[in-house]
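Have a look at final-v3.txt below; it lists compact mmCIF, C-alpha atoms and all ligand atoms.
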# COMPACT_ATOMS: atom_id res chain seq x y z
CA MET A 1 108.71 66.99 9.52
CA ARG A 2 108.87 63.32 8.56
CA LYS A 3 112.09 62.26 6.85
CA GLN A 4 111.83 61.52 3.12
CA ARG A 5 113.77 59.06 1.03
CA PRO A 6 113.66 58.30 -2.73
CA VAL A 7 112.20 54.87 -3.42
CA LYS A 8 115.22 54.07 -5.60
CA ASP A 9 117.44 53.98 -2.49
CA SER A 10 115.71 50.73 -1.55
CA PHE A 11 116.43 48.96 -4.85
CA VAL A 12 117.74 45.40 -4.40
CA ILE A 13 118.90 42.90 -6.98
CA MET A 14 119.60 39.33 -5.91
CA THR A 15 120.86 36.49 -8.10
CA GLU A 16 120.63 32.78 -7.29
CA LEU A 17 121.42 29.54 -9.12
CA VAL A 18 118.77 26.76 -8.94
CA LEU A 19 120.52 23.73 -7.44
CA PRO A 20 119.20 20.14 -7.00
CA ASN A 21 118.18 20.75 -3.35
CA ASP A 22 115.86 23.58 -4.48
CA THR A 23 113.80 21.45 -6.85
CA ASN A 24 110.87 19.02 -6.93
CA THR A 25 110.82 15.64 -8.68
CA LEU A 26 110.20 17.37 -12.03
CA ASN A 27 113.46 19.32 -11.59
CA ASN A 28 111.53 22.59 -11.17
CA LEU A 29 112.23 25.16 -8.47
CA MET A 30 109.83 24.56 -5.56
CA GLY A 31 107.26 27.30 -4.91
CA GLY A 32 108.13 27.56 -1.23
CA ARG A 33 111.81 28.02 -2.03
CA MET A 34 110.88 30.78 -4.47
CA MET A 35 108.78 32.53 -1.81
CA HIS A 36 111.68 32.28 0.62
CA LEU A 37 113.98 34.04 -1.87
CA MET A 38 111.31 36.68 -2.57
CA ASP A 39 110.82 37.31 1.16
CA ILE A 40 114.54 37.87 1.68
CA ALA A 41 115.03 40.20 -1.31
CA ALA A 42 111.91 42.20 -0.41
CA ALA A 43 112.88 42.38 3.28
CA ILE A 44 116.30 43.79 2.37
CA ALA A 45 114.57 46.51 0.27
CA ALA A 46 112.36 47.42 3.25
CA GLN A 47 115.38 47.45 5.57
CA LYS A 48 117.29 49.72 3.21
CA HIS A 49 114.38 52.15 3.16
CA SER A 50 113.81 52.18 6.90
CA ASN A 51 117.22 51.29 8.39
CA ARG A 52 115.21 49.19 10.83
CA ILE A 53 114.47 45.58 11.64
CA VAL A 54 111.47 44.60 9.52
CA VAL A 55 108.95 41.77 9.73
CA THR A 56 106.80 40.38 6.93
CA ALA A 57 103.18 41.39 7.60
CA SER A 58 101.55 40.06 4.44
CA VAL A 59 102.12 38.82 0.91
CA ASP A 60 99.67 39.54 -1.89
CA ASN A 61 98.85 37.07 -4.61
CA VAL A 62 101.93 35.20 -5.88
CA SER A 63 101.35 33.28 -9.09
CA PHE A 64 103.76 30.86 -10.69
CA ARG A 65 103.49 31.70 -14.38
CA ASP A 66 106.20 29.38 -15.72
CA ALA A 67 108.32 26.71 -14.10
CA ILE A 68 111.91 27.60 -13.26
CA ARG A 69 114.26 24.76 -14.12
CA LEU A 70 117.25 23.20 -12.40
CA GLY A 71 120.35 25.13 -13.49
CA ASN A 72 118.44 28.36 -14.25
CA VAL A 73 119.74 31.64 -12.89
CA VAL A 74 117.04 33.45 -10.91
CA THR A 75 117.16 37.24 -10.63
CA LEU A 76 114.96 39.02 -8.08
CA GLN A 77 114.45 42.79 -8.20
CA ALA A 78 112.74 44.46 -5.25
CA GLN A 79 111.95 48.08 -4.40
CA VAL A 80 109.73 49.89 -1.91
CA THR A 81 106.72 51.43 -3.67
CA ARG A 82 105.30 53.44 -0.77
CA ALA A 83 105.66 53.82 2.97
CA PHE A 84 102.73 54.46 5.29
CA SER A 85 103.38 54.92 9.04
CA SER A 86 105.32 51.85 10.08
CA SER A 87 104.53 49.69 7.05
CA MET A 88 106.09 49.61 3.59
CA GLU A 89 104.83 47.99 0.42
CA VAL A 90 107.57 46.32 -1.64
CA HIS A 91 107.17 45.30 -5.29
CA ILE A 92 109.19 42.36 -6.52
CA ASP A 93 109.82 40.95 -10.00
CA VAL A 94 111.45 37.57 -10.64
CA TRP A 95 113.25 36.52 -13.82
CA ALA A 96 114.57 33.08 -14.81
CA GLU A 97 117.44 32.78 -17.23
CA ASP A 98 118.76 29.75 -19.06
CA ILE A 99 122.27 30.89 -19.84
CA PRO A 100 123.27 28.11 -22.31
CA SER A 101 120.25 28.85 -24.54
CA GLY A 102 120.34 32.61 -23.93
CA THR A 103 116.66 32.78 -22.87
CA LYS A 104 115.28 34.91 -20.05
CA MET A 105 111.64 35.25 -18.93
CA LYS A 106 109.71 36.97 -16.18
CA THR A 107 108.19 34.27 -13.99
CA ASN A 108 106.79 35.93 -10.87
CA GLU A 109 105.68 39.26 -9.49
CA ALA A 110 104.26 40.14 -6.06
CA PHE A 111 103.69 42.82 -3.44
CA PHE A 112 104.96 42.23 0.08
CA THR A 113 104.18 44.36 3.13
CA PHE A 114 106.80 44.79 5.84
CA VAL A 115 106.49 46.55 9.17
CA ALA A 116 109.49 48.23 10.79
CA VAL A 117 109.77 47.31 14.45
CA ASP A 118 111.89 48.32 17.43
CA GLN A 119 113.95 45.90 19.53
CA SER A 120 110.77 44.87 21.39
CA GLY A 121 108.89 44.14 18.16
CA ARG A 122 106.69 47.24 18.36
CA PRO A 123 105.89 49.04 15.08
CA ILE A 124 107.93 52.17 14.54
CA ASP A 125 107.53 54.96 11.95
CA VAL A 126 109.60 54.93 8.77
CA PRO A 127 110.59 57.72 6.33
CA GLU A 128 108.20 58.69 3.56
CA ALA A 129 109.04 57.06 0.23
CA VAL A 130 109.37 59.48 -2.69
CA PRO A 131 108.77 58.15 -6.22
CA GLU A 132 110.57 59.85 -9.12
CA THR A 133 110.15 57.94 -12.39
CA PRO A 134 106.74 57.47 -14.13
CA GLU A 135 106.81 53.76 -13.20
CA GLU A 136 107.60 54.53 -9.55
CA ILE A 137 104.78 57.10 -9.47
CA GLN A 138 102.32 54.60 -10.93
CA LEU A 139 103.23 52.00 -8.29
CA TYR A 140 103.07 54.65 -5.54
CA ASP A 141 99.62 55.81 -6.68
CA GLY A 142 98.18 52.27 -6.63
CA ALA A 143 99.67 51.42 -3.24
CA LEU A 144 96.92 52.96 -1.09
CA ARG A 145 94.24 51.01 -2.93
CA ARG A 146 96.23 47.75 -2.58
CA ARG A 147 96.80 48.48 1.12
CA GLN A 148 93.08 48.95 1.72
CA LEU A 149 92.25 45.76 -0.17
CA ARG A 150 94.72 43.66 1.84
CA LEU A 151 93.63 45.19 5.15
CA VAL A 152 89.95 44.51 4.33
CA LEU A 153 90.75 40.93 3.27
CA GLY A 154 92.87 40.47 6.41
CA GLY A 155 89.98 41.67 8.60
CA ARG A 156 91.94 44.75 9.70
CA MET A 157 89.78 47.37 8.01
CA LYS A 158 86.02 47.70 7.60
CA PRO A 159 84.97 47.74 3.92
CA ALA A 160 83.04 50.94 4.69
CA ASP A 161 86.35 52.68 5.56
CA ALA A 162 88.10 51.63 2.34
CA THR A 163 87.52 54.93 0.54
CA GLU A 164 90.07 54.29 -2.25
CA LEU A 165 88.52 50.91 -3.01
CA LYS A 166 85.03 52.33 -3.10
CA ALA A 167 86.16 55.08 -5.47
CA PHE A 168 87.97 52.53 -7.67
CA PHE A 169 84.91 50.29 -7.97
CA ASP A 170 82.63 53.33 -8.13
CA ILE A 171 80.60 52.17 -5.08
CA GLU A 172 78.35 54.75 -3.35
C1 LIG B 1 119.79 48.41 6.71
C2 LIG B 1 120.53 47.77 5.62
C3 LIG B 1 120.09 46.40 5.24
C4 LIG B 1 120.78 45.24 5.91
C5 LIG B 1 120.49 43.96 5.29
C6 LIG B 1 120.19 42.88 6.24
C7 LIG B 1 119.60 41.69 5.59
C8 LIG B 1 118.51 41.08 6.40
C9 LIG B 1 117.77 40.05 5.68
C10 LIG B 1 116.36 40.08 5.95
C11 LIG B 1 115.91 38.90 6.67
C12 LIG B 1 114.62 38.37 6.22
C13 LIG B 1 113.46 38.96 6.96
C14 LIG B 1 112.33 38.05 6.91
C15 LIG B 1 111.19 38.71 7.73
C16 LIG B 1 110.40 37.76 8.23
O1 LIG B 1 110.09 36.63 7.89
S1 LIG B 1 109.63 38.14 9.86
C17 LIG B 1 108.73 36.68 10.33
C18 LIG B 1 107.31 36.67 9.82
N1 LIG B 1 106.57 37.80 10.27
C19 LIG B 1 106.19 37.96 11.56
O2 LIG B 1 106.49 37.16 12.43
C20 LIG B 1 105.35 39.15 11.87
C21 LIG B 1 104.35 38.85 12.98
N2 LIG B 1 103.41 39.96 13.15
C22 LIG B 1 103.70 41.02 13.91
O3 LIG B 1 104.73 41.09 14.54
C23 LIG B 1 102.66 42.09 14.00
O4 LIG B 1 101.42 41.62 13.54
C24 LIG B 1 103.04 43.36 13.14
C25 LIG B 1 103.21 43.01 11.66
C26 LIG B 1 104.32 44.00 13.68
C27 LIG B 1 101.91 44.39 13.24
O5 LIG B 1 101.74 44.61 14.60
P1 LIG B 1 100.35 45.22 15.19
O6 LIG B 1 100.43 45.20 16.66
O7 LIG B 1 99.21 44.56 14.52
O8 LIG B 1 100.51 46.70 14.78
P2 LIG B 1 99.48 47.77 14.25
O9 LIG B 1 99.86 49.02 14.97
O10 LIG B 1 98.04 47.34 14.26
O11 LIG B 1 99.90 47.89 12.71
C28 LIG B 1 101.20 48.32 12.38
C29 LIG B 1 101.27 48.37 10.89
O12 LIG B 1 101.19 47.04 10.36
C30 LIG B 1 100.28 47.03 9.30
N3 LIG B 1 99.72 45.70 9.21
C31 LIG B 1 99.35 44.92 10.22
N4 LIG B 1 98.89 43.73 9.73
C32 LIG B 1 98.98 43.80 8.40
C33 LIG B 1 98.67 42.91 7.34
N5 LIG B 1 98.16 41.70 7.57
N6 LIG B 1 98.91 43.31 6.09
C34 LIG B 1 99.42 44.52 5.84
N7 LIG B 1 99.75 45.42 6.78
C35 LIG B 1 99.53 45.06 8.05
C36 LIG B 1 99.23 48.07 9.70
O13 LIG B 1 98.46 48.48 8.59
C37 LIG B 1 100.11 49.16 10.25
O14 LIG B 1 100.67 49.90 9.16
P3 LIG B 1 100.96 51.49 9.31
O15 LIG B 1 99.61 52.16 9.30
O16 LIG B 1 101.70 51.70 10.60
O17 LIG B 1 101.81 51.85 8.15

Would you mind giving the structure from this file in structure tokens?
Amino acid sequence: MRKQRPVKDSFVIMTELVLPNDTNTLNNLMGGRMMHLMDIAAAIAAQKHSNRIVVTASVDNVSFRDAIRLGNVVTLQAQVTRAFSSSMEVHIDVWAEDIPSGTKMKTNEAFFTFVAVDQSGRPIDVPEAVPETPEEIQLYDGALRRRQLRLVLGGRMKPADATELKAFFDIE
């Protein structure tokens, strides 16, 4: 039987300070720097779940809701939502905090997909991810649909095989 692991075991929290080298000429955190931080936090979550080397396979839509300013404290929270065979979907939330003014806002959210690989870079199976809380169950339940959408968009699945998507959009 395949090994199981609670999704909460993969939880990662990472905190960074926005320094001058991280910013553009408007003193805002650069988008690419943000994606780098998100990739690292999410990869650590996938590694914790699988105890394997992981590679980033894809990143779903990342939107930059509000600018993050020089001197802000950035908090990234990542957790595996669901594991398939060798791949894992990781959900990540990003918060920016201005400590002197006591304000904190959610600025980004995304889903990353990582694939566990062996020393030769070949995909290798990972434990099943078991959700426990209502929020974890909701993310788990939506993960198959999101997987099919990204595989169709990435040209890795035929739309006709995306059964969850068809059911979601009520397509015959
Ligand atoms: C332990 C304690 C912690 C320790 C704490 C250490 C800290 C440590 C810090 C971390 C450090 C930072 C980590 C950065 C991670 C990188 O940045 S890695 C660099 C960027 N990424 C890459 O270079 C990946 C390049 N691509 C590849 O190697 C191959 O395409 C892949 C992803 C391995 C897939 O290989 P493939 O031959 O296509 O394999 P295939 O059998 O067709 O598919 C395998 C799985 O991949 C999935 N897949 C393939 N393509 C896609 C796609 N586009 N979208 C979604 N899924 C896909 C398939 O659906 C399949 O999933 P399963 O059905 O098995 O679940």

Once you count all atoms listed in the file, which residues end up within 9 Å of ligand LIG 1 (chain B), and could you hand them over as a PyMOL selection string? chain A and resi 36+39-60+83-89+112-117+121-126+147-148+150-151+153-157

Leaving out Met105 of chain A and any residue of its chain fewer than 5 positions from it, which residues lie within 7 Å of it when counting all atoms listed in the file, given as a PyMOL selection string? chain A and resi 95-97

With C-alpha atoms retained, export the selected residues as a PDB file, in the coordinates of the input.
ATOM      1  CA  TRP A  95     113.250  36.520 -13.820  1.00  0.00           C
ATOM      2  CA  ALA A  96     114.570  33.080 -14.810  1.00  0.00           C
ATOM      3  CA  GLU A  97     117.440  32.780 -17.230  1.00  0.00           C
TER       4      GLU A  97
END

Just the number, please: distance in Å from atom CA of Ser101 of chain A to atom CA of Val74 of chain A, one decimal.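 Spanning atom CA of Ser101 of chain A to atom CA of Val74 of chain A is a straight-line distance of 14.7 Å.
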
I'd like the contact shell of Asp22 of chain A - 9 Å cut-off, only C-alpha atoms, skipping same-chain residues fewer than 3 positions apart - returned as an NGL selection string. :A and (18-19 or 27-30 or 33-34 or 70)

Resulting file, chosen residues, C-alpha atoms, as a PDB file, in the frame of the given file:
ATOM      1  CA  VAL A  18     118.770  26.760  -8.940  1.00  0.00           C
ATOM      2  CA  LEU A  19     120.520  23.730  -7.440  1.00  0.00           C
ATOM      3  CA  ASN A  27     113.460  19.320 -11.590  1.00  0.00           C
ATOM      4  CA  ASN A  28     111.530  22.590 -11.170  1.00  0.00           C
ATOM      5  CA  LEU A  29     112.230  25.160  -8.470  1.00  0.00           C
ATOM      6  CA  MET A  30     109.830  24.560  -5.560  1.00  0.00           C
ATOM      7  CA  ARG A  33     111.810  28.020  -2.030  1.00  0.00           C
ATOM      8  CA  MET A  34     110.880  30.780  -4.470  1.00  0.00           C
ATOM      9  CA  LEU A  70     117.250  23.200 -12.400  1.00  0.00           C
TER      10      LEU A  70
END

Let me have the centre and edge lengths of the axis-aligned box enclosing all listed atoms of segment 37-55 of chain A with 4 Å padding on every side, in Å to one decimal, as JSON.
{"center_x": 113.1, "center_y": 43.1, "center_z": 4.5, "size_x": 16.3, "size_y": 26.1, "size_z": 22.2}

For Gly71 of chain A, which residue among A:Thr103, A:Leu17, A:Leu26, A:Gly31 is the nearest when counting all atoms listed in the file?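 That would be A:Leu17, the residue with the smallest distance to Gly71 of chain A.
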
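Closest approach to Lys106 of chain A among A:Ile68, A:Val130, A:Ala143, A:Ile137: A:Ile68, based on all atoms listed in the file.
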
Nearest to Gln4 of chain A by atom-to-atom distance, counting all atoms listed in the file, from A:Gly102, A:Gly142, A:Pro131, A:Pro159: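 For Gln4 of chain A, the nearest of the candidates is A:Pro131.
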
Students should find that atom CA of Val7 of chain A and atom CA of Ala129 of chain A are spaced 5.3 Å

From the list A:Val94, A:Val12, A:Val152, A:Ala160, the nearest residue to Ala67 of chain A using all atoms listed in the file is A:Val94

As an exercise, work out the distance from atom CA of Ile92 of chain A to atom CA of Thr75 of chain A in Å and give it to one decimal place.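 Atom CA of Thr75 of chain A lies 10.3 Å from atom CA of Ile92 of chain A.
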
Using all atoms listed in the file, list the residues that have an atom at most 8 Å from (107.8, 44.7, -5.1), coordinates as in the file, as a PyMOL selection string. chain A and resi 42+77-81+89-93+109-112

Could you rebuild segment 54-80 of chain A with N, CA and C atoms and give me the result as a short mmCIF file (atom, residue, chain, number, x, y, z; two decimals), keeping the file's coordinate frame?
data_model
loop_
_atom_site.label_atom_id
_atom_site.label_comp_id
_atom_site.auth_asym_id
_atom_site.auth_seq_id
_atom_site.Cartn_x
_atom_site.Cartn_y
_atom_site.Cartn_z
N VAL A 54 112.82 44.68 10.10
CA VAL A 54 111.47 44.60 9.52
C VAL A 54 110.92 43.18 9.64
N VAL A 55 109.59 43.09 9.75
CA VAL A 55 108.95 41.77 9.73
C VAL A 55 107.95 41.73 8.57
N THR A 56 107.77 40.55 8.01
CA THR A 56 106.80 40.38 6.93
C THR A 56 105.41 40.41 7.54
N ALA A 57 104.56 41.33 7.07
CA ALA A 57 103.18 41.39 7.60
C ALA A 57 102.23 40.66 6.67
N SER A 58 102.43 40.78 5.36
CA SER A 58 101.55 40.06 4.44
C SER A 58 102.19 39.97 3.06
N VAL A 59 101.68 39.01 2.30
CA VAL A 59 102.12 38.82 0.91
C VAL A 59 100.87 38.76 0.06
N ASP A 60 100.82 39.60 -0.98
CA ASP A 60 99.67 39.54 -1.89
C ASP A 60 99.85 38.37 -2.84
N ASN A 61 98.86 38.18 -3.65
CA ASN A 61 98.85 37.07 -4.61
C ASN A 61 100.21 36.83 -5.29
N VAL A 62 100.71 35.59 -5.16
CA VAL A 62 101.93 35.20 -5.88
C VAL A 62 101.52 34.11 -6.86
N SER A 63 101.69 34.35 -8.15
CA SER A 63 101.35 33.28 -9.09
C SER A 63 102.62 32.77 -9.74
N PHE A 64 102.59 31.50 -10.08
CA PHE A 64 103.76 30.86 -10.69
C PHE A 64 103.45 30.65 -12.16
N ARG A 65 103.86 31.64 -12.96
CA ARG A 65 103.49 31.70 -14.38
C ARG A 65 104.14 30.58 -15.18
N ASP A 66 105.44 30.40 -15.00
CA ASP A 66 106.20 29.38 -15.72
C ASP A 66 107.13 28.71 -14.73
N ALA A 67 107.40 27.43 -14.98
CA ALA A 67 108.32 26.71 -14.10
C ALA A 67 109.74 27.23 -14.29
N ILE A 68 110.49 27.24 -13.20
CA ILE A 68 111.91 27.60 -13.26
C ILE A 68 112.69 26.31 -13.11
N ARG A 69 113.61 26.06 -14.01
CA ARG A 69 114.26 24.76 -14.12
C ARG A 69 115.59 24.69 -13.36
N LEU A 70 115.93 23.47 -12.99
CA LEU A 70 117.25 23.20 -12.40
C LEU A 70 118.33 23.79 -13.30
N GLY A 71 119.26 24.52 -12.72
CA GLY A 71 120.35 25.13 -13.49
C GLY A 71 120.05 26.54 -13.98
N ASN A 72 118.76 26.97 -13.86
CA ASN A 72 118.44 28.36 -14.25
C ASN A 72 119.07 29.34 -13.26
N VAL A 73 119.31 30.55 -13.76
CA VAL A 73 119.74 31.64 -12.89
C VAL A 73 118.50 32.49 -12.59
N VAL A 74 118.23 32.69 -11.32
CA VAL A 74 117.04 33.45 -10.91
C VAL A 74 117.48 34.84 -10.45
N THR A 75 116.84 35.86 -11.02
CA THR A 75 117.16 37.24 -10.63
C THR A 75 115.91 37.86 -10.00
N LEU A 76 116.08 38.39 -8.79
CA LEU A 76 114.96 39.02 -8.08
C LEU A 76 115.26 40.50 -7.95
N GLN A 77 114.29 41.33 -8.33
CA GLN A 77 114.45 42.79 -8.20
C GLN A 77 113.35 43.32 -7.30
N ALA A 78 113.73 43.98 -6.21
CA ALA A 78 112.74 44.46 -5.25
C ALA A 78 112.95 45.94 -4.97
N GLN A 79 111.86 46.65 -4.74
CA GLN A 79 111.95 48.08 -4.40
C GLN A 79 110.70 48.49 -3.63
N VAL A 80 110.88 49.34 -2.64
CA VAL A 80 109.73 49.89 -1.91
C VAL A 80 108.91 50.74 -2.88
#
